[in-house]
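Quick look at my_file33.txt (compact mmCIF, C-alpha atoms and all ligand atoms):
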# COMPACT_ATOMS: atom_id res chain seq x y z
CA MET A 1 158.36 122.54 34.54
CA GLN A 2 156.74 125.13 36.77
CA ASP A 3 154.41 124.15 39.63
CA ILE A 4 151.29 122.63 38.18
CA HIS A 5 147.97 123.76 39.54
CA GLU A 6 145.81 122.73 36.62
CA LEU A 7 145.83 120.35 33.67
CA THR A 8 143.23 121.16 31.01
CA ILE A 9 142.02 118.98 28.16
CA ILE A 10 140.50 121.01 25.34
CA CYS A 11 138.46 118.46 23.48
CA GLY A 12 138.70 117.76 19.75
CA ILE A 13 137.10 115.25 17.40
CA ASP A 14 136.15 111.57 17.48
CA LYS A 15 136.97 108.89 14.92
CA SER A 16 134.22 110.07 12.56
CA GLY A 17 135.48 113.64 12.70
CA ALA A 18 132.52 114.87 14.81
CA LYS A 19 133.15 117.14 17.79
CA GLU A 20 133.46 115.46 21.18
CA ASP A 21 130.51 115.91 23.56
CA VAL A 22 132.52 117.69 26.23
CA GLU A 23 134.28 120.96 25.55
CA LYS A 24 136.90 121.09 28.25
CA ILE A 25 138.04 119.12 31.32
CA ARG A 26 140.00 120.73 34.13
CA ILE A 27 141.96 118.56 36.55
CA CYS A 28 143.67 119.78 39.73
CA PRO A 29 146.50 118.22 41.79
CA GLY A 30 145.30 115.56 44.20
CA GLU A 31 142.69 114.23 41.82
CA ILE A 32 142.54 110.71 40.41
CA ILE A 33 140.47 110.57 37.24
CA GLY A 34 139.35 107.35 35.58
CA ILE A 35 139.07 106.78 31.84
CA VAL A 36 136.54 104.12 30.86
CA GLY A 37 135.05 102.86 27.60
CA PRO A 38 134.87 99.80 25.37
CA THR A 39 137.92 98.34 23.65
CA GLY A 40 139.03 100.58 20.81
CA SER A 41 137.11 103.60 22.10
CA GLY A 42 140.18 105.83 22.34
CA LYS A 43 141.28 105.57 26.00
CA SER A 44 144.97 105.02 25.22
CA SER A 45 144.84 107.77 22.60
CA LEU A 46 143.62 110.22 25.25
CA ILE A 47 146.48 109.20 27.55
CA CYS A 48 148.94 109.63 24.65
CA ASP A 49 147.61 113.13 23.92
CA ILE A 50 148.35 114.11 27.51
CA GLU A 51 151.77 112.44 27.47
CA GLN A 52 152.70 114.32 24.29
CA LEU A 53 151.07 117.55 25.50
CA SER A 54 149.42 117.59 22.08
CA GLN A 55 148.44 120.89 20.53
CA GLY A 56 145.84 119.97 17.94
CA ASP A 57 148.52 118.02 16.10
CA THR A 58 147.26 114.45 16.70
CA PRO A 59 144.29 112.67 15.01
CA THR A 60 142.04 113.67 17.94
CA ARG A 61 142.88 117.40 17.53
CA ARG A 62 142.91 117.78 21.32
CA LYS A 63 144.93 120.45 23.06
CA ILE A 64 146.48 119.99 26.48
CA LEU A 65 147.12 123.05 28.62
CA ILE A 66 149.23 123.40 31.76
CA ASN A 67 148.04 126.10 34.15
CA GLY A 68 145.71 127.36 31.43
CA LYS A 69 148.42 127.83 28.81
CA ALA A 70 149.88 125.83 25.94
CA PRO A 71 153.24 124.49 27.18
CA GLY A 72 156.32 125.72 25.32
CA ARG A 73 158.23 123.56 22.87
CA ASP A 74 161.07 122.99 25.34
CA ILE A 75 158.65 121.47 27.88
CA ARG A 76 157.08 119.27 25.20
CA THR A 77 160.36 117.84 23.98
CA ASP A 78 162.70 117.72 26.99
CA PRO A 79 161.84 114.73 29.24
CA ARG A 80 163.56 116.41 32.21
CA LYS A 81 161.20 119.37 31.90
CA LYS A 82 158.03 117.52 30.93
CA ARG A 83 157.71 115.53 34.14
CA ILE A 84 154.83 113.35 33.03
CA ALA A 85 155.20 109.69 33.99
CA GLN A 86 153.38 107.02 32.03
CA LEU A 87 152.78 103.37 32.77
CA SER A 88 151.83 102.22 29.30
CA GLN A 89 149.56 99.36 28.27
CA ASN A 90 152.11 97.39 26.29
CA MET A 91 155.55 97.22 27.72
CA HIS A 92 158.62 95.30 26.64
CA PHE A 93 162.14 95.87 27.79
CA LEU A 94 164.52 95.96 24.86
CA ALA A 95 167.66 96.75 26.86
CA ASP A 96 169.69 93.66 27.64
CA MET A 97 170.96 94.72 31.06
CA THR A 98 170.31 93.82 34.67
CA VAL A 99 167.53 95.32 36.78
CA GLU A 100 170.17 96.91 39.01
CA ALA A 101 172.17 98.46 36.15
CA PHE A 102 169.02 99.86 34.57
CA LEU A 103 167.76 101.40 37.81
CA ARG A 104 171.19 102.77 38.65
CA MET A 105 171.38 104.46 35.28
CA HIS A 106 167.87 105.89 35.60
CA ALA A 107 168.46 107.09 39.17
CA LYS A 108 171.67 108.81 38.09
CA SER A 109 169.93 110.60 35.23
CA ARG A 110 167.43 111.98 37.74
CA ASP A 111 170.02 112.83 40.42
CA ARG A 112 168.61 110.34 42.93
CA ASN A 113 170.79 108.97 45.71
CA SER A 114 172.42 105.59 45.91
CA ASN A 115 169.86 103.66 47.98
CA THR A 116 167.17 104.41 45.37
CA VAL A 117 167.81 101.17 43.51
CA GLU A 118 167.15 98.98 46.56
CA ARG A 119 164.01 100.99 47.37
CA VAL A 120 162.56 100.55 43.87
CA ILE A 121 163.16 96.80 43.91
CA SER A 122 161.71 96.31 47.37
CA ILE A 123 158.59 98.35 46.50
CA ALA A 124 158.20 96.44 43.21
CA ASN A 125 158.38 93.20 45.18
CA THR A 126 155.42 94.24 47.34
CA LEU A 127 153.32 94.22 44.14
CA THR A 128 154.41 90.91 42.62
CA GLY A 129 154.23 87.25 43.54
CA GLU A 130 157.68 86.00 42.52
CA SER A 131 160.30 88.49 43.60
CA ILE A 132 162.56 90.46 41.29
CA GLN A 133 166.28 90.20 42.01
CA PRO A 134 168.80 92.99 41.29
CA GLY A 135 170.85 90.62 39.11
CA HIS A 136 167.92 89.57 36.88
CA GLN A 137 168.17 90.53 33.21
CA LEU A 138 165.34 92.93 32.30
CA THR A 139 164.42 90.78 29.31
CA ILE A 140 163.60 87.72 31.44
CA LEU A 141 161.11 89.52 33.68
CA SER A 142 157.48 88.41 33.33
CA GLY A 143 154.76 90.85 32.26
CA GLY A 144 153.63 91.34 35.86
CA GLN A 145 157.19 91.77 37.16
CA SER A 146 157.96 94.36 34.46
CA ARG A 147 154.86 96.38 35.28
CA ALA A 148 155.58 96.19 39.03
CA LEU A 149 159.13 97.38 38.41
CA MET A 150 157.94 100.27 36.27
CA ALA A 151 155.24 101.25 38.79
CA ALA A 152 157.87 101.40 41.55
CA ASP A 153 160.26 103.25 39.23
CA ILE A 154 157.56 105.86 38.51
CA ALA A 155 156.78 106.24 42.21
CA VAL A 156 160.40 106.61 43.34
CA ILE A 157 162.63 107.77 40.48
CA SER A 158 160.36 109.53 38.00
CA ASP A 159 158.18 110.99 40.73
CA SER A 160 156.30 113.34 38.38
CA PRO A 161 153.38 115.65 39.19
CA ILE A 162 151.33 114.08 36.38
CA VAL A 163 150.97 110.28 36.28
CA LEU A 164 149.25 108.39 33.46
CA ILE A 165 148.35 104.74 33.95
CA ASP A 166 147.07 102.59 31.11
CA GLU A 167 145.42 99.51 32.65
CA ILE A 168 147.11 98.26 35.74
CA GLU A 169 144.65 95.44 36.36
CA ASN A 170 145.66 92.92 33.71
CA ALA A 171 149.25 92.59 34.72
CA GLY A 172 148.73 90.21 37.62
CA ILE A 173 150.05 92.72 40.13
CA LYS A 174 148.21 94.01 43.19
CA LYS A 175 146.20 96.68 41.43
CA GLN A 176 144.77 98.60 44.38
CA GLU A 177 148.18 98.82 46.06
CA ALA A 178 149.77 99.86 42.77
CA LEU A 179 147.22 102.64 42.25
CA LYS A 180 147.72 103.91 45.81
CA LEU A 181 151.49 103.84 45.31
CA LEU A 182 151.32 105.81 42.06
CA ALA A 183 148.68 108.28 43.21
CA ALA A 184 150.77 109.93 45.90
CA GLU A 185 149.32 113.04 47.46
CA GLY A 186 149.15 116.15 45.34
CA LYS A 187 149.55 114.41 41.98
CA ILE A 188 147.27 114.53 38.96
CA VAL A 189 146.54 110.91 38.08
CA LEU A 190 144.67 109.57 35.06
CA VAL A 191 143.98 105.86 35.07
CA VAL A 192 142.55 103.91 32.15
CA THR A 193 140.62 100.96 33.48
CA HIS A 194 138.10 98.24 32.64
CA ASP A 195 137.93 97.34 36.34
CA PRO A 196 134.88 98.51 38.33
CA VAL A 197 136.81 98.67 41.62
CA LEU A 198 139.47 100.97 40.18
CA ALA A 199 136.91 103.02 38.22
CA LEU A 200 134.87 103.64 41.37
CA MET A 201 137.97 104.46 43.44
CA THR A 202 138.33 107.64 41.36
CA LYS A 203 136.51 110.91 42.00
CA ARG A 204 135.44 111.38 38.39
CA ARG A 205 135.61 109.29 35.26
CA ILE A 206 135.81 110.20 31.62
CA VAL A 207 133.60 108.05 29.39
CA MET A 208 134.95 107.33 25.88
CA ARG A 209 133.12 106.03 22.83
CA LYS A 210 134.13 105.90 19.14
CA GLY A 211 137.31 107.84 19.80
CA GLY A 212 135.56 110.73 21.55
CA ILE A 213 134.94 111.93 25.10
CA ARG A 214 131.21 111.49 25.76
CA GLN A 215 130.77 112.60 29.36
CA VAL A 216 132.45 113.05 32.72
CA ILE A 217 130.73 111.31 35.62
CA THR A 218 131.32 112.30 39.25
CA THR A 219 131.37 109.28 41.57
CA SER A 220 128.25 109.49 43.76
CA THR A 221 127.90 108.43 47.40
CA GLY A 222 125.89 105.41 46.24
CA GLU A 223 128.73 104.41 43.92
CA MET A 224 131.25 104.81 46.73
CA ASN A 225 129.18 102.38 48.80
CA VAL A 226 129.13 99.94 45.89
CA CYS A 227 132.89 100.36 45.68
CA THR A 228 133.33 99.39 49.34
CA GLU A 229 131.33 96.20 48.69
CA LEU A 230 133.32 95.48 45.55
CA VAL A 231 136.62 95.86 47.38
CA ARG A 232 135.49 93.16 49.82
CA LEU A 233 134.46 90.84 46.98
CA ASP A 234 137.64 91.61 45.12
CA ASN A 235 139.82 90.80 48.12
CA TYR A 236 137.96 87.50 48.41
CA MET A 237 138.61 86.80 44.72
CA MET A 238 142.28 87.65 45.25
CA SER A 239 142.58 85.27 48.17
CA LEU A 240 141.02 82.49 46.07
CA ARG A 241 143.33 83.32 43.18
CA ASN A 242 146.33 83.12 45.48
CA THR A 243 145.28 79.80 46.96
CA ILE A 244 144.77 78.33 43.48
CA ARG A 245 148.06 79.80 42.21
CA GLN A 246 149.90 78.18 45.12
CA GLY A 247 148.42 74.82 44.18
CA GLY A 248 145.86 74.83 47.00
CA LEU A 249 142.27 73.59 46.94
CA VAL A 250 139.17 75.74 47.20
CA GLU A 251 136.28 73.54 48.20
CA GLN A 252 134.07 75.76 50.28
CA ALA A 253 132.70 79.14 49.32
CA VAL A 254 132.89 81.74 52.05
CA VAL A 255 130.03 84.21 52.21
CA VAL A 256 131.53 87.70 52.14
N1 LIG B 301 139.61 110.75 18.02
C1 LIG B 301 140.20 109.85 17.23
N2 LIG B 301 140.39 110.11 15.91
C2 LIG B 301 140.99 109.19 15.12
N3 LIG B 301 141.43 108.00 15.53
C3 LIG B 301 141.27 107.69 16.82
C4 LIG B 301 140.65 108.59 17.74
N4 LIG B 301 140.64 108.02 18.97
C5 LIG B 301 141.20 106.79 18.83
N5 LIG B 301 141.59 106.59 17.53
C6 LIG B 301 142.22 105.37 16.98
O1 LIG B 301 141.41 104.25 17.32
C7 LIG B 301 142.20 103.11 17.64
C8 LIG B 301 141.82 102.57 19.02
O2 LIG B 301 142.09 103.55 20.02
P1 LIG B 301 142.79 103.21 21.42
O3 LIG B 301 143.92 102.28 21.23
O4 LIG B 301 143.06 104.52 22.03
O5 LIG B 301 141.58 102.47 22.15
P2 LIG B 301 141.48 101.91 23.66
O6 LIG B 301 140.19 102.44 24.20
O7 LIG B 301 142.72 102.21 24.39
O8 LIG B 301 141.32 100.35 23.44
P3 LIG B 301 141.75 99.11 24.43
O9 LIG B 301 140.73 99.05 25.52
O10 LIG B 301 141.67 97.93 23.53
O11 LIG B 301 143.14 99.37 24.91
C9 LIG B 301 143.64 103.56 17.55
O12 LIG B 301 144.16 103.15 16.30
C10 LIG B 301 143.56 105.06 17.62
O13 LIG B 301 144.62 105.69 16.92
MG MG B 302 144.24 101.00 25.20
Would you encode the structure as structure tokens?
Ligand SMILES: Nc1ncnc2c1ncn2[C@@H]1O[C@H](COP(=O)(O)OP(=O)(O)OP(=O)(O)O)[C@@H](O)[C@H]1O
Ligand SMILES: [Mg+2]
Amino acid sequence: MQDIHELTIICGIDKSGAKEDVEKIRICPGEIIGIVGPTGSGKSSLICDIEQLSQGDTPTRRKILINGKAPGRDIRTDPRKKRIAQLSQNMHFLADMTVEAFLRMHAKSRDRNSNTVERVISIANTLTGESIQPGHQLTILSGGQSRALMAADIAVISDSPIVLIDEIENAGIKKQEALKLLAAEGKIVLVVTHDPVLALMTKRRIVMRKGGIRQVITTSTGEMNVCTELVRLDNYMMSLRNTIRQGGLVEQAVVV
């Protein structure tokens, strides 16, 4: 795929067939965009449209342009050319192989060097509680471990200019760290989230309702201040969660 300087969403229709309220959204490298909305409002469908580089051929009728143009068929169908990485909402490993064998195979397909496997595992282990071992079978990994492994795989092996993340907060991994890891400089990142901290960490957020894009909100200075407060509260919550997970007691509230 050529250098990407713009990703454009040409809006389509909602679940009732009515036009979406926004005509077009342009996103440039270096931007993290949030996607928010109630359950069933079409957030994952929007992510899927981008992943497929849809051209009016999905139920939403959206079109996705790269650098202002419809991408060719070869880019849409060849994963080596598409270079869009997606951390999807529901993930199950079907391959019955070890973590190491899987990563080795993936690294080889992307021409990465031999120490890649160790790097992916050690990064994944910064996001999880119980560490992942190279000899673990993929199928025995927990939900959180699988997501951490895939986040690290996307950051190191897939390393694509467009990154799509469908809810990182429910997996029990360190969500802020994971978002920072995936949103490396110069990437276009879209992150579906129900989490106020993550939503306010983005520059803009797309609001979905009834399958359609309703508006795009730019994060204000006031909201950034709220975000700073929320991060403090969230870190406090995390520390309590950790203590409780480790079997500790939490008898005194700390004012944060
Ligand atoms: N514009 C649309 N036209 C037709 N169907 C749609 C449209 N948008 C979403 N849908 C359908 O609505 C259902 C719910 O959408 P989706 O899974 O994208 O919601 P979601 O916001 O990701 O929900 P959750 O928060 O539960 O993950 C899906 O079956 C999807 O195919
Ligand atoms: Mg969803």
- Note on the structure: Taken to one decimal, the atom CA of Lys43 of chain A-atom C10 of ligand LIG 301 (chain B) distance is 8.7 Å
- Message: Taking all atoms listed in the file into account, list the residues no farther than 6 Å from ligand LIG 301 (chain B), as a list of chain:residue names.
- Response: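 Result of the 6 Å neighbour search around ligand LIG 301 (chain B): A:Ile13, A:Asp14, A:Lys15, A:Pro38, A:Thr39, A:Gly40, A:Ser41, A:Gly42, A:Lys43, A:Ser44, A:Ser45, A:Pro59, A:Thr60, A:Gly211, A:Gly212.
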- Item | Option closest in space to ligand MG 302 (chain B), from A:Val117, A:Glu20, A:Met208, A:Val99 [counting all atoms listed in the file] |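 Closest to ligand MG 302 (chain B) of all the choices is A:Met208.
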- Task: Would you work out the distance separating atom CA of Lys19 of chain A from atom CA of Ile75 of chain A, expressed in Å to one decimal?
- Result: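 It comes out at 27.8 Å.
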Neighbours of Val254 of chain A within 12 Å (only C-alpha atoms; same-chain residues fewer than 5 positions away dropped), as a compact mmCIF listing (two decimals) with C-alpha atoms, keeping the file's coordinate frame?
# COMPACT_ATOMS: atom_id res chain seq x y z
CA ARG A 232 135.49 93.16 49.82
CA LEU A 233 134.46 90.84 46.98
CA TYR A 236 137.96 87.50 48.41
CA MET A 237 138.61 86.80 44.72
CA SER A 239 142.58 85.27 48.17
CA LEU A 240 141.02 82.49 46.07
- Note on the structure: Pairwise distance, atom CA of Ile10 of chain A with atom CA of Ile25 of chain A, equals 6.7 Å
- Message: Counting all atoms listed in the file, which residue out of A:Ile64, A:Ile168, A:Met201, A:Ile140 sits closest to Glu229 of chain A?
- Response: A:Met201
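Residue nearest Val192 of chain A within the list A:Met150, A:Val156, A:Val207, A:Leu53: A:Val207 [criterion: smallest interatomic distance, all atoms listed in the file].
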- Task: Using all atoms listed in the file, pick whichever of A:Asp153, A:Glu167, A:Asp3, A:Glu31 has the shortest atom-to-atom distance to Ala183 of chain A.
- Result: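 The answer is A:Glu31, which sits nearest to Ala183 of chain A.
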- Message: Calculated over all atoms listed in the file, which of the candidates A:Cys48, A:Ala184, A:Ala107, A:Leu149 has the smallest distance to ligand MG 302 (chain B)?
- Response: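 Nearest to ligand MG 302 (chain B): A:Cys48.
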- Message: Quick one: residues within 12 Å of Cys227 of chain A, all atoms listed in the file, excluding same-chain residues fewer than 2 positions away - as a list in words?
- Response: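 Returned residues: Asp195, Pro196, Val197, Leu198, Ala199, Leu200, Met201, Thr202, Lys203, Thr219, Ser220, Thr221, Gly222, Glu223, Met224, Asn225, Glu229, Leu230, Val231, Arg232, Leu233 and Asp234 of chain A.
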- Would you mind listing what lies within 12 Å of Gly143 of chain A as a ChimeraX atom specification, with only C-alpha atoms counted and same-chain residues fewer than 4 positions away left out? /A:89-93,128-130,132,138-139,147-150,168-173
Write out the residues from the selection above, keeping C-alpha atoms, as a PDB file, keeping the file's coordinate frame.
ATOM      1  CA  GLN A  89     149.560  99.360  28.270  1.00  0.00           C
ATOM      2  CA  ASN A  90     152.110  97.390  26.290  1.00  0.00           C
ATOM      3  CA  MET A  91     155.550  97.220  27.720  1.00  0.00           C
ATOM      4  CA  HIS A  92     158.620  95.300  26.640  1.00  0.00           C
ATOM      5  CA  PHE A  93     162.140  95.870  27.790  1.00  0.00           C
ATOM      6  CA  THR A 128     154.410  90.910  42.620  1.00  0.00           C
ATOM      7  CA  GLY A 129     154.230  87.250  43.540  1.00  0.00           C
ATOM      8  CA  GLU A 130     157.680  86.000  42.520  1.00  0.00           C
ATOM      9  CA  ILE A 132     162.560  90.460  41.290  1.00  0.00           C
ATOM     10  CA  LEU A 138     165.340  92.930  32.300  1.00  0.00           C
ATOM     11  CA  THR A 139     164.420  90.780  29.310  1.00  0.00           C
ATOM     12  CA  ARG A 147     154.860  96.380  35.280  1.00  0.00           C
ATOM     13  CA  ALA A 148     155.580  96.190  39.030  1.00  0.00           C
ATOM     14  CA  LEU A 149     159.130  97.380  38.410  1.00  0.00           C
ATOM     15  CA  MET A 150     157.940 100.270  36.270  1.00  0.00           C
ATOM     16  CA  ILE A 168     147.110  98.260  35.740  1.00  0.00           C
ATOM     17  CA  GLU A 169     144.650  95.440  36.360  1.00  0.00           C
ATOM     18  CA  ASN A 170     145.660  92.920  33.710  1.00  0.00           C
ATOM     19  CA  ALA A 171     149.250  92.590  34.720  1.00  0.00           C
ATOM     20  CA  GLY A 172     148.730  90.210  37.620  1.00  0.00           C
ATOM     21  CA  ILE A 173     150.050  92.720  40.130  1.00  0.00           C
TER      22      ILE A 173
END
Box for segment 23-28 of chain A - axis-aligned, 6 Å on each of the six sides, all listed atoms - centre and size in Å to one decimal, as JSON.
{"center_x": 139.0, "center_y": 119.8, "center_z": 32.6, "size_x": 21.4, "size_y": 14.5, "size_z": 26.2}
Set the distance at 7 Å and use only C-alpha atoms: which residues neighbour Ile217 of chain A once local chain neighbours fewer than 6 positions away are removed? I'd like the list as an mmCIF file with C-alpha atoms, in the coordinates of the input.
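Output (result.cif):
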data_model
loop_
_atom_site.group_PDB
_atom_site.id
_atom_site.type_symbol
_atom_site.label_atom_id
_atom_site.label_comp_id
_atom_site.auth_asym_id
_atom_site.auth_seq_id
_atom_site.Cartn_x
_atom_site.Cartn_y
_atom_site.Cartn_z
ATOM 1 C CA ARG A 204 135.440 111.380 38.390
ATOM 2 C CA ARG A 205 135.610 109.290 35.260
ATOM 3 C CA ILE A 206 135.810 110.200 31.620
#
- Among listed residues A:Lys175, A:Lys81, A:Arg112, A:Arg26, nearest Glu6 of chain A (using all atoms listed in the file):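 Counting all atoms listed in the file, the residue closest to Glu6 of chain A is A:Arg26.
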- Item | Ref. answer, residues at most 10 Å from (163.1, 108.3, 33.1) with only C-alpha atoms, as a ChimeraX atom specification | /A:79-80,83-86,103,105-110,153-154,157-160
Can we get segment 40-106 of chain A of that structure written down with C-alpha atoms, as a PDB file, in the first residue's frame?
ATOM      1  CA  GLY A  40     -25.931  -2.459  19.132  1.00  0.00           C
ATOM      2  CA  SER A  41     -25.517   1.041  17.689  1.00  0.00           C
ATOM      3  CA  GLY A  42     -23.146  -0.054  14.921  1.00  0.00           C
ATOM      4  CA  LYS A  43     -19.648   0.619  16.316  1.00  0.00           C
ATOM      5  CA  SER A  44     -18.199  -2.755  15.306  1.00  0.00           C
ATOM      6  CA  SER A  45     -19.886  -2.469  11.911  1.00  0.00           C
ATOM      7  CA  LEU A  46     -18.086   0.822  11.297  1.00  0.00           C
ATOM      8  CA  ILE A  47     -14.766  -0.789  12.223  1.00  0.00           C
ATOM      9  CA  CYS A  48     -15.555  -3.711   9.883  1.00  0.00           C
ATOM     10  CA  ASP A  49     -16.314  -1.320   7.012  1.00  0.00           C
ATOM     11  CA  ILE A  50     -12.867   0.203   7.427  1.00  0.00           C
ATOM     12  CA  GLU A  51     -11.184  -3.194   7.763  1.00  0.00           C
ATOM     13  CA  GLN A  52     -12.839  -4.380   4.544  1.00  0.00           C
ATOM     14  CA  LEU A  53     -12.286  -1.035   2.804  1.00  0.00           C
ATOM     15  CA  SER A  54     -15.954  -1.306   1.865  1.00  0.00           C
ATOM     16  CA  GLN A  55     -17.194   0.361  -1.288  1.00  0.00           C
ATOM     17  CA  GLY A  56     -20.925   0.696  -0.763  1.00  0.00           C
ATOM     18  CA  ASP A  57     -21.153  -3.092  -0.694  1.00  0.00           C
ATOM     19  CA  THR A  58     -22.022  -3.627   3.001  1.00  0.00           C
ATOM     20  CA  PRO A  59     -25.401  -3.042   4.751  1.00  0.00           C
ATOM     21  CA  THR A  60     -24.218   0.445   5.817  1.00  0.00           C
ATOM     22  CA  ARG A  61     -23.419   1.465   2.195  1.00  0.00           C
ATOM     23  CA  ARG A  62     -20.323   3.321   3.437  1.00  0.00           C
ATOM     24  CA  LYS A  63     -17.307   3.894   1.248  1.00  0.00           C
ATOM     25  CA  ILE A  64     -13.767   4.039   2.565  1.00  0.00           C
ATOM     26  CA  LEU A  65     -11.180   6.011   0.639  1.00  0.00           C
ATOM     27  CA  ILE A  66      -7.396   6.011   0.984  1.00  0.00           C
ATOM     28  CA  ASN A  67      -5.736   9.285   0.040  1.00  0.00           C
ATOM     29  CA  GLY A  68      -9.037  10.444  -1.432  1.00  0.00           C
ATOM     30  CA  LYS A  69      -9.457   7.471  -3.769  1.00  0.00           C
ATOM     31  CA  ALA A  70     -11.218   4.122  -3.707  1.00  0.00           C
ATOM     32  CA  PRO A  71      -8.498   1.503  -3.107  1.00  0.00           C
ATOM     33  CA  GLY A  72      -7.966  -1.028  -5.898  1.00  0.00           C
ATOM     34  CA  ARG A  73      -9.160  -4.613  -5.668  1.00  0.00           C
ATOM     35  CA  ASP A  74      -5.639  -5.913  -5.048  1.00  0.00           C
ATOM     36  CA  ILE A  75      -5.297  -3.719  -1.934  1.00  0.00           C
ATOM     37  CA  ARG A  76      -8.712  -4.818  -0.679  1.00  0.00           C
ATOM     38  CA  THR A  77      -8.013  -8.520  -0.992  1.00  0.00           C
ATOM     39  CA  ASP A  78      -4.276  -8.988  -0.371  1.00  0.00           C
ATOM     40  CA  PRO A  79      -3.499  -8.807   3.382  1.00  0.00           C
ATOM     41  CA  ARG A  80       0.143  -7.948   2.632  1.00  0.00           C
ATOM     42  CA  LYS A  81      -0.978  -4.867   0.726  1.00  0.00           C
ATOM     43  CA  LYS A  82      -3.906  -3.838   2.897  1.00  0.00           C
ATOM     44  CA  ARG A  83      -1.894  -3.144   6.027  1.00  0.00           C
ATOM     45  CA  ILE A  84      -4.826  -2.553   8.336  1.00  0.00           C
ATOM     46  CA  ALA A  85      -4.473  -4.202  11.744  1.00  0.00           C
ATOM     47  CA  GLN A  86      -7.538  -5.029  13.778  1.00  0.00           C
ATOM     48  CA  LEU A  87      -7.933  -6.045  17.395  1.00  0.00           C
ATOM     49  CA  SER A  88     -11.431  -7.443  17.234  1.00  0.00           C
ATOM     50  CA  GLN A  89     -14.063  -7.611  19.959  1.00  0.00           C
ATOM     51  CA  ASN A  90     -14.476 -11.371  20.020  1.00  0.00           C
ATOM     52  CA  MET A  91     -11.365 -13.391  19.683  1.00  0.00           C
ATOM     53  CA  HIS A  92     -10.760 -17.111  19.909  1.00  0.00           C
ATOM     54  CA  PHE A  93      -7.688 -18.953  18.788  1.00  0.00           C
ATOM     55  CA  LEU A  94      -8.603 -21.992  16.756  1.00  0.00           C
ATOM     56  CA  ALA A  95      -5.047 -23.061  15.922  1.00  0.00           C
ATOM     57  CA  ASP A  96      -3.774 -25.751  18.242  1.00  0.00           C
ATOM     58  CA  MET A  97      -0.134 -24.658  18.361  1.00  0.00           C
ATOM     59  CA  THR A  98       2.197 -23.006  20.832  1.00  0.00           C
ATOM     60  CA  VAL A  99       2.502 -19.252  21.295  1.00  0.00           C
ATOM     61  CA  GLU A 100       6.080 -19.450  20.036  1.00  0.00           C
ATOM     62  CA  ALA A 101       5.244 -21.461  16.898  1.00  0.00           C
ATOM     63  CA  PHE A 102       2.389 -19.120  16.032  1.00  0.00           C
ATOM     64  CA  LEU A 103       4.487 -15.973  16.461  1.00  0.00           C
ATOM     65  CA  ARG A 104       7.395 -17.490  14.563  1.00  0.00           C
ATOM     66  CA  MET A 105       5.115 -18.307  11.659  1.00  0.00           C
ATOM     67  CA  HIS A 106       3.561 -14.829  11.670  1.00  0.00           C
TER      68      HIS A 106
END
